[in-house]
Amino acid sequence: MLQFVIRRIIWTIPVLFLVTFFTFALVRAIPGGPFDFAGDKSLPPTVVKNLEAKYHLNDPLWQQFCSYLIGDAVCRPGKQNGVASKGVLLGDLGPSFRYRGRTVNDIIATALPISAQLGFMAVMLGMLIGIPAGIIAALKHNTPIDYTATFIAVLGVSISNVVLGPFLIWIFALKLGWFPVATWAAEPLFSNIAEKYIAAGEQVPMWVNLIPKPTKEFFMHAVLPVVTLGTALSASLARLTRGSLLQVIREDYIRTARAKGLRERAVIVTHALKNSLIPVVTILGPMFAGVLTGTFVVEQIFAIPGLGRHFVTSVGNRDYPVVLGTTLVYAVAIVIANMLVDITYAWLDPRVRLE
Amino acid sequence: MTTATDTSPKDLDLAAQRSRSPLRDALTQFLKNKVALAALIFIIIEVIIAIPPVTDLVAPFPYDKTSLYDNLAPPGSPYTGRDPEFQGKVFILGADYLGRDLLSRTLYGAQVSLAVGFVGATVSLLVGMLVGLISGYSRPAIDNLIMRLVDFLYALPILVFIILMQVYFKAVARKESAEGLEPFTLPSWFGWVMFTLFAVALIAGIYMARREDGGGAQYLFVFLAGAMFASFLLFVILVMRTGRSFMASLVEIDNAFGGMFFLFIALGLLNWIGMARITRGQVLSVKNKEYVEAAKAIGATDRRIIFQHILPNVLGPAIIYETLAIPGYIFTEAFLSFIGLGINPPRPSWGNMISENYQGLRAAPWTVLVPSVALTITVLAFNFLGDGLRDAFDPRLRGE
């Protein structure tokens, strides 16, 4: 088991390297540069030239990639005019070309917690509704309850976020006025710590931003985006749980368990449920990736200043370090999620380990 | 060795014809499923309407016909513009903020969603099955290599890369069009050549598939893929003869498709992973079955085993998987168009219709409602169809 975990962790290194490499290559291949426009006007050529020199954009590409990865000290010895980078390996994602004076680390420290809160609540909603609904539907197989649940679930997976978001806003924010229309209202729980950083003129660290104060305002703002993101999740989880439990219930060992006189409750809870959740666990990895991409849409619709919005705007702006940094954050998140899923899977199903 | 291959067991074939084939079983099962059948009929009707000449016929207005007197006209209002051609027509489902007919735009939008769905599914099916077959059937070293590649792609944030590629393609297209070459027009015979190519491929494919000793449906796939490739090649040659670069000719193709072509590439390049995994799994499970061993024993070649014995077993699950994947492609297109990286306006797609109109949701809800309902019902139909197919082909889910 330990060997499996170690192998799995080592495997993430080449993956992350290749993601960085491909993103770097792709984003540099896009025509146009970060300093083509300032607002509506284009910058004078000398200014562009100076800016490009400041950010080392005229160096050979391999040198830029190298210093992005392991820092200026190694790849650009002696010529560290302008901004010196410590390299991604030491956690320095570089400066933003567009937001003057902010680093990519700053942007991620503010934006990622928002996306993470949104995603986490959506996953929670999805699991809390989806898995129980799937279990009930499977246990009441071929009854009206089952049909209703199945139908609602199909409907749930068939509604795009792009459709659901605007309509929730229209009904619950505009017509009924129950919830605010847009934006996010998270304040850090440890506001005294955050204030200390702000007073010192420094970036509030990510973990402080990550934990929200459970105010009424926070939840009111969160309801609509979370429901938008969580509906499809809970629907697909319900479908999956139902299908998987239905298959498990027909297995021989369930009949054996019944035959030896176990109570129905014990049969279902200890024998059927545990095994039926194995496929559900395997889907959690792709599902997590789906939530990440779902936050793109939801942040766009609800004007939430999360990571997805930053990514979309930064690609349009050719803000290379922000594109690379956000992509890397997404890749790390997906890689870690997949890894956890694989390890959980290996733990639940010993056959996997032996491969 | 080689002589043994030719003595195909005819009497066994006859026996199979008399018994109920699994395909017929599944078909009977599928026809009993009323919801799935309705979904299938809905999709067929939608596909027929989405064929370009039919859409031109059915849609009351062209998709880009604006009428400033009728902006945000509610459903059922008559056309009040001055254009004599459209006098007496009615905006059945209302008009958007530029006075464009929503029904027409939604019908044209179906072209985009269905094309993206079907092409995405076909590309992913072909690439994924090819990779999966190779991986499952070759030596462990090659299999491992391919599976590591699949693992790597699996860890990619796919949508992030689709967005990056779309931005790349759009920027290249803008650069190419800024260089000021004369606009490229397709010669009128190109459509006929394409039509003939596909018709020949279809007929030849069906003929080969029906031949007794023939390999089955795979010829159809190969021929259709060939026709697709040939027309693509012809197009590129035509464009490059006007002095454009290869990239510029791709941009021209993209323009001809209204911005869909690059979307196909971005979707196709990145979405075959699941298919490859499923195919490989099926190959591995079929590879050691007795009948494959028997085929090997009588000296069948690798190609024959793959096409005759393995592929037919893989095709069913593959098609079901792809049917259930189509909603994903349609959603991706809708989202990309929503953030302005999909179809080029003024050509409508349901995604960009929602994005154009949702700011005015309060004043004119029907402008968003119409494309939303179209998108949801279409995806619902694909989901019902996919579920129905899966239930029909999986005997374990029958009855009880």
# chains A, B, ... in the order shown; residues from 1 in each chain; ligands from 1
$ closest_atom_pairs --of "chain B" --to "chain A" --cutoff "6 Å" --atoms "only C-alpha atoms" --output "JSON lines"
{"residue": "B:Phe152", "atom": "CA", "partner": "A:Val15", "partner_atom": "CA", "distance": 5.9}
{"residue": "B:Ala155", "atom": "CA", "partner": "A:Val335", "partner_atom": "CA", "distance": 5.6}
{"residue": "B:Pro157", "atom": "CA", "partner": "A:Ala331", "partner_atom": "CA", "distance": 5.8}
{"residue": "B:Tyr168", "atom": "CA", "partner": "A:Ile30", "partner_atom": "CA", "distance": 4.8}
{"residue": "B:Ala171", "atom": "CA", "partner": "A:Pro31", "partner_atom": "CA", "distance": 5.9}
{"residue": "B:Ser372", "atom": "CA", "partner": "A:Val163", "partner_atom": "CA", "distance": 5.6}
{"residue": "B:Thr376", "atom": "CA", "partner": "A:Ile159", "partner_atom": "CA", "distance": 5.4}
{"residue": "B:Val379", "atom": "CA", "partner": "A:Ser158", "partner_atom": "CA", "distance": 5.4}
{"residue": "B:Leu380", "atom": "CA", "partner": "A:Ser158", "partner_atom": "CA", "distance": 5.1}
$ select_by_dssp --residues "segment 116-358 of chain B" --states "helix (DSSP H, G or I)" --output "ChimeraX atom specification"
/B:116-137,140-154,158-178,189-210,218-240,246-256,261-270,273-287,290-297,302-338,350-358
$ residues_around --residues "Arg242 of chain A" --least-positions-apart "5" --cutoff "8 Å" --atoms "only C-alpha atoms" --output "JSON list (two decimals) with C-alpha atoms, in the first residue's frame"
[["chain", "number", "residue", "atom", "x", "y", "z"],
["A", 134, "GLY", "CA", -29.76, 7.57, -5.25],
["A", 135, "ILE", "CA", -29.93, 5.13, -2.35],
["A", 136, "ILE", "CA", -33.64, 5.73, -1.78],
["A", 137, "ALA", "CA", -34.39, 5.36, -5.49],
["A", 138, "ALA", "CA", -32.50, 2.07, -5.64]]
$ atom_distance --atom1 "atom CA of Ser113 of chain B" --atom2 "atom CA of Ile206 of chain B"
27.3 Å
$ closest_residue --among "B:Thr55, B:Gln87, B:Gln282, B:Thr378" --to "Ser67 of chain B" --atoms "only C-alpha atoms"
B:Gln87
$ atom_distance --atom1 "atom CA of Leu262 of chain A" --atom2 "atom CA of Ser276 of chain A"
18.5 Å
$ atom_distance --atom1 "atom CA of Asp394 of chain B" --atom2 "atom CA of Leu220 of chain B"
24.5 Å
$ closest_residue --among "B:Ile343, B:Ala173, B:Ile134, B:Leu156" --to "Ala115 of chain B" --atoms "only C-alpha atoms"
B:Ile343
$ residues_around --residues "Phe65 of chain A" --least-positions-apart "3" --cutoff "10 Å" --atoms "only C-alpha atoms" --output "list of chain:residue names"
A:Thr20, A:Phe21, A:Phe24, A:Ala25, A:Asp59, A:Pro60, A:Leu61, A:Trp62, A:Tyr68, A:Leu69, A:Ile70, A:Gly71, A:Cys75, A:Gly87
$ closest_residue --among "A:Lys196, A:Phe35, A:Thr183, A:Trp178" --to "Ala53 of chain A" --atoms "only C-alpha atoms"
A:Phe35
$ decode --residues "segment 45-196 of chain A" --atoms "C-alpha atoms" --output "mmCIF file, in the first residue's frame"
data_model
loop_
_atom_site.group_PDB
_atom_site.id
_atom_site.type_symbol
_atom_site.label_atom_id
_atom_site.label_comp_id
_atom_site.auth_asym_id
_atom_site.auth_seq_id
_atom_site.Cartn_x
_atom_site.Cartn_y
_atom_site.Cartn_z
ATOM 1 C CA PRO A 45 6.593 51.304 -29.201
ATOM 2 C CA THR A 46 9.375 52.507 -26.902
ATOM 3 C CA VAL A 47 7.229 51.889 -23.847
ATOM 4 C CA VAL A 48 6.363 48.415 -25.066
ATOM 5 C CA LYS A 49 10.039 47.725 -25.679
ATOM 6 C CA ASN A 50 11.017 48.866 -22.193
ATOM 7 C CA LEU A 51 8.245 46.855 -20.574
ATOM 8 C CA GLU A 52 9.246 43.768 -22.509
ATOM 9 C CA ALA A 53 12.847 44.263 -21.450
ATOM 10 C CA LYS A 54 11.775 44.695 -17.843
ATOM 11 C CA TYR A 55 9.955 41.363 -17.861
ATOM 12 C CA HIS A 56 12.684 39.607 -19.895
ATOM 13 C CA LEU A 57 10.280 38.930 -22.743
ATOM 14 C CA ASN A 58 13.040 39.402 -25.308
ATOM 15 C CA ASP A 59 15.193 36.605 -23.982
ATOM 16 C CA PRO A 60 15.188 33.259 -25.729
ATOM 17 C CA LEU A 61 12.110 31.260 -24.841
ATOM 18 C CA TRP A 62 14.004 28.382 -23.234
ATOM 19 C CA GLN A 63 15.667 30.857 -20.894
ATOM 20 C CA GLN A 64 12.326 32.368 -19.961
ATOM 21 C CA PHE A 65 10.871 28.925 -19.329
ATOM 22 C CA CYS A 66 13.913 27.913 -17.307
ATOM 23 C CA SER A 67 13.800 31.008 -15.139
ATOM 24 C CA TYR A 68 10.056 30.606 -14.727
ATOM 25 C CA LEU A 69 10.664 27.123 -13.391
ATOM 26 C CA ILE A 70 13.796 27.421 -11.269
ATOM 27 C CA GLY A 71 14.415 31.127 -10.972
ATOM 28 C CA ASP A 72 16.582 33.920 -12.319
ATOM 29 C CA ALA A 73 19.524 33.103 -10.095
ATOM 30 C CA VAL A 74 20.172 29.875 -12.005
ATOM 31 C CA CYS A 75 19.028 30.677 -15.527
ATOM 32 C CA ARG A 76 19.926 34.351 -15.831
ATOM 33 C CA PRO A 77 23.088 34.737 -13.753
ATOM 34 C CA GLY A 78 24.351 38.290 -13.575
ATOM 35 C CA LYS A 79 21.614 40.027 -15.563
ATOM 36 C CA GLN A 80 18.834 40.419 -13.049
ATOM 37 C CA ASN A 81 17.686 43.900 -13.952
ATOM 38 C CA GLY A 82 14.000 44.499 -13.416
ATOM 39 C CA VAL A 83 12.113 41.835 -11.541
ATOM 40 C CA ALA A 84 13.970 38.838 -10.177
ATOM 41 C CA SER A 85 11.977 35.631 -10.059
ATOM 42 C CA LYS A 86 12.631 32.848 -7.597
ATOM 43 C CA GLY A 87 10.953 30.259 -9.789
ATOM 44 C CA VAL A 88 7.850 28.135 -9.521
ATOM 45 C CA LEU A 89 9.664 25.432 -7.610
ATOM 46 C CA LEU A 90 10.168 27.852 -4.738
ATOM 47 C CA GLY A 91 6.559 28.971 -4.978
ATOM 48 C CA ASP A 92 7.108 32.216 -6.866
ATOM 49 C CA LEU A 93 4.630 32.461 -9.722
ATOM 50 C CA GLY A 94 5.952 35.792 -10.928
ATOM 51 C CA PRO A 95 4.458 39.260 -11.393
ATOM 52 C CA SER A 96 1.217 40.006 -13.188
ATOM 53 C CA PHE A 97 1.734 42.005 -16.369
ATOM 54 C CA ARG A 98 -1.660 43.625 -16.172
ATOM 55 C CA TYR A 99 -2.348 44.286 -12.520
ATOM 56 C CA ARG A 100 0.616 46.533 -11.787
ATOM 57 C CA GLY A 101 2.269 45.841 -8.473
ATOM 58 C CA ARG A 102 0.467 42.563 -7.831
ATOM 59 C CA THR A 103 2.082 39.191 -8.076
ATOM 60 C CA VAL A 104 0.340 36.083 -9.332
ATOM 61 C CA ASN A 105 0.687 34.712 -5.816
ATOM 62 C CA ASP A 106 -1.321 37.685 -4.526
ATOM 63 C CA ILE A 107 -4.033 37.164 -7.113
ATOM 64 C CA ILE A 108 -4.287 33.462 -6.343
ATOM 65 C CA ALA A 109 -4.299 34.108 -2.592
ATOM 66 C CA THR A 110 -7.398 36.280 -3.006
ATOM 67 C CA ALA A 111 -9.182 34.455 -5.827
ATOM 68 C CA LEU A 112 -8.585 30.785 -5.091
ATOM 69 C CA PRO A 113 -10.274 30.822 -1.648
ATOM 70 C CA ILE A 114 -13.433 32.196 -3.250
ATOM 71 C CA SER A 115 -13.505 29.470 -5.907
ATOM 72 C CA ALA A 116 -12.631 26.871 -3.306
ATOM 73 C CA GLN A 117 -15.499 27.937 -1.020
ATOM 74 C CA LEU A 118 -17.908 27.877 -3.949
ATOM 75 C CA GLY A 119 -16.683 24.490 -5.143
ATOM 76 C CA PHE A 120 -16.623 22.944 -1.684
ATOM 77 C CA MET A 121 -20.172 23.996 -0.884
ATOM 78 C CA ALA A 122 -21.371 22.738 -4.263
ATOM 79 C CA VAL A 123 -19.736 19.339 -3.731
ATOM 80 C CA MET A 124 -21.237 19.149 -0.246
ATOM 81 C CA LEU A 125 -24.676 19.978 -1.623
ATOM 82 C CA GLY A 126 -24.206 17.446 -4.387
ATOM 83 C CA MET A 127 -23.249 14.652 -2.018
ATOM 84 C CA LEU A 128 -25.847 15.468 0.619
ATOM 85 C CA ILE A 129 -28.685 15.388 -1.889
ATOM 86 C CA GLY A 130 -27.334 13.084 -4.570
ATOM 87 C CA ILE A 131 -26.159 10.045 -2.638
ATOM 88 C CA PRO A 132 -29.205 9.686 -0.327
ATOM 89 C CA ALA A 133 -31.545 10.277 -3.279
ATOM 90 C CA GLY A 134 -29.763 7.568 -5.254
ATOM 91 C CA ILE A 135 -29.933 5.127 -2.351
ATOM 92 C CA ILE A 136 -33.642 5.727 -1.782
ATOM 93 C CA ALA A 137 -34.392 5.362 -5.489
ATOM 94 C CA ALA A 138 -32.503 2.068 -5.639
ATOM 95 C CA LEU A 139 -34.157 0.648 -2.523
ATOM 96 C CA LYS A 140 -37.588 1.618 -3.874
ATOM 97 C CA HIS A 141 -36.732 0.248 -7.310
ATOM 98 C CA ASN A 142 -39.606 0.432 -9.833
ATOM 99 C CA THR A 143 -41.907 2.396 -7.550
ATOM 100 C CA PRO A 144 -43.258 5.914 -8.147
ATOM 101 C CA ILE A 145 -40.576 7.251 -5.786
ATOM 102 C CA ASP A 146 -37.889 5.678 -7.964
ATOM 103 C CA TYR A 147 -39.430 7.024 -11.175
ATOM 104 C CA THR A 148 -39.756 10.535 -9.780
ATOM 105 C CA ALA A 149 -36.206 10.570 -8.462
ATOM 106 C CA THR A 150 -34.816 9.187 -11.710
ATOM 107 C CA PHE A 151 -36.729 11.691 -13.785
ATOM 108 C CA ILE A 152 -35.624 14.649 -11.667
ATOM 109 C CA ALA A 153 -32.063 13.393 -11.866
ATOM 110 C CA VAL A 154 -32.130 13.162 -15.676
ATOM 111 C CA LEU A 155 -33.583 16.639 -15.769
ATOM 112 C CA GLY A 156 -30.835 17.810 -13.416
ATOM 113 C CA VAL A 157 -28.002 16.525 -15.574
ATOM 114 C CA SER A 158 -29.657 17.978 -18.668
ATOM 115 C CA ILE A 159 -29.753 21.569 -17.464
ATOM 116 C CA SER A 160 -26.606 23.471 -18.291
ATOM 117 C CA ASN A 161 -25.160 25.913 -15.776
ATOM 118 C CA VAL A 162 -25.456 28.495 -18.512
ATOM 119 C CA VAL A 163 -29.223 27.968 -18.417
ATOM 120 C CA LEU A 164 -29.775 27.367 -14.735
ATOM 121 C CA GLY A 165 -27.772 30.361 -13.467
ATOM 122 C CA PRO A 166 -29.650 33.097 -15.316
ATOM 123 C CA PHE A 167 -32.998 31.514 -14.443
ATOM 124 C CA LEU A 168 -32.276 31.209 -10.754
ATOM 125 C CA ILE A 169 -31.270 34.875 -10.814
ATOM 126 C CA TRP A 170 -34.423 35.797 -12.667
ATOM 127 C CA ILE A 171 -36.791 33.934 -10.351
ATOM 128 C CA PHE A 172 -35.179 34.183 -6.925
ATOM 129 C CA ALA A 173 -33.247 37.425 -7.171
ATOM 130 C CA LEU A 174 -35.251 39.580 -9.562
ATOM 131 C CA LYS A 175 -38.852 38.354 -9.219
ATOM 132 C CA LEU A 176 -38.949 37.238 -5.589
ATOM 133 C CA GLY A 177 -36.049 39.283 -4.292
ATOM 134 C CA TRP A 178 -34.976 36.611 -1.809
ATOM 135 C CA PHE A 179 -31.295 36.601 -2.642
ATOM 136 C CA PRO A 180 -28.792 39.145 -3.960
ATOM 137 C CA VAL A 181 -28.160 39.070 -7.712
ATOM 138 C CA ALA A 182 -24.416 38.692 -7.826
ATOM 139 C CA THR A 183 -20.952 38.851 -6.221
ATOM 140 C CA TRP A 184 -19.482 36.993 -3.275
ATOM 141 C CA ALA A 185 -19.509 38.175 0.324
ATOM 142 C CA ALA A 186 -16.919 36.166 2.221
ATOM 143 C CA GLU A 187 -15.072 37.843 5.050
ATOM 144 C CA PRO A 188 -12.212 36.011 6.712
ATOM 145 C CA LEU A 189 -13.198 34.355 9.987
ATOM 146 C CA PHE A 190 -9.984 35.530 11.609
ATOM 147 C CA SER A 191 -10.589 39.145 10.709
ATOM 148 C CA ASN A 192 -8.082 40.392 13.277
ATOM 149 C CA ILE A 193 -5.261 38.531 11.531
ATOM 150 C CA ALA A 194 -6.391 39.779 8.141
ATOM 151 C CA GLU A 195 -6.515 43.353 9.420
ATOM 152 C CA LYS A 196 -2.984 43.081 10.719
#
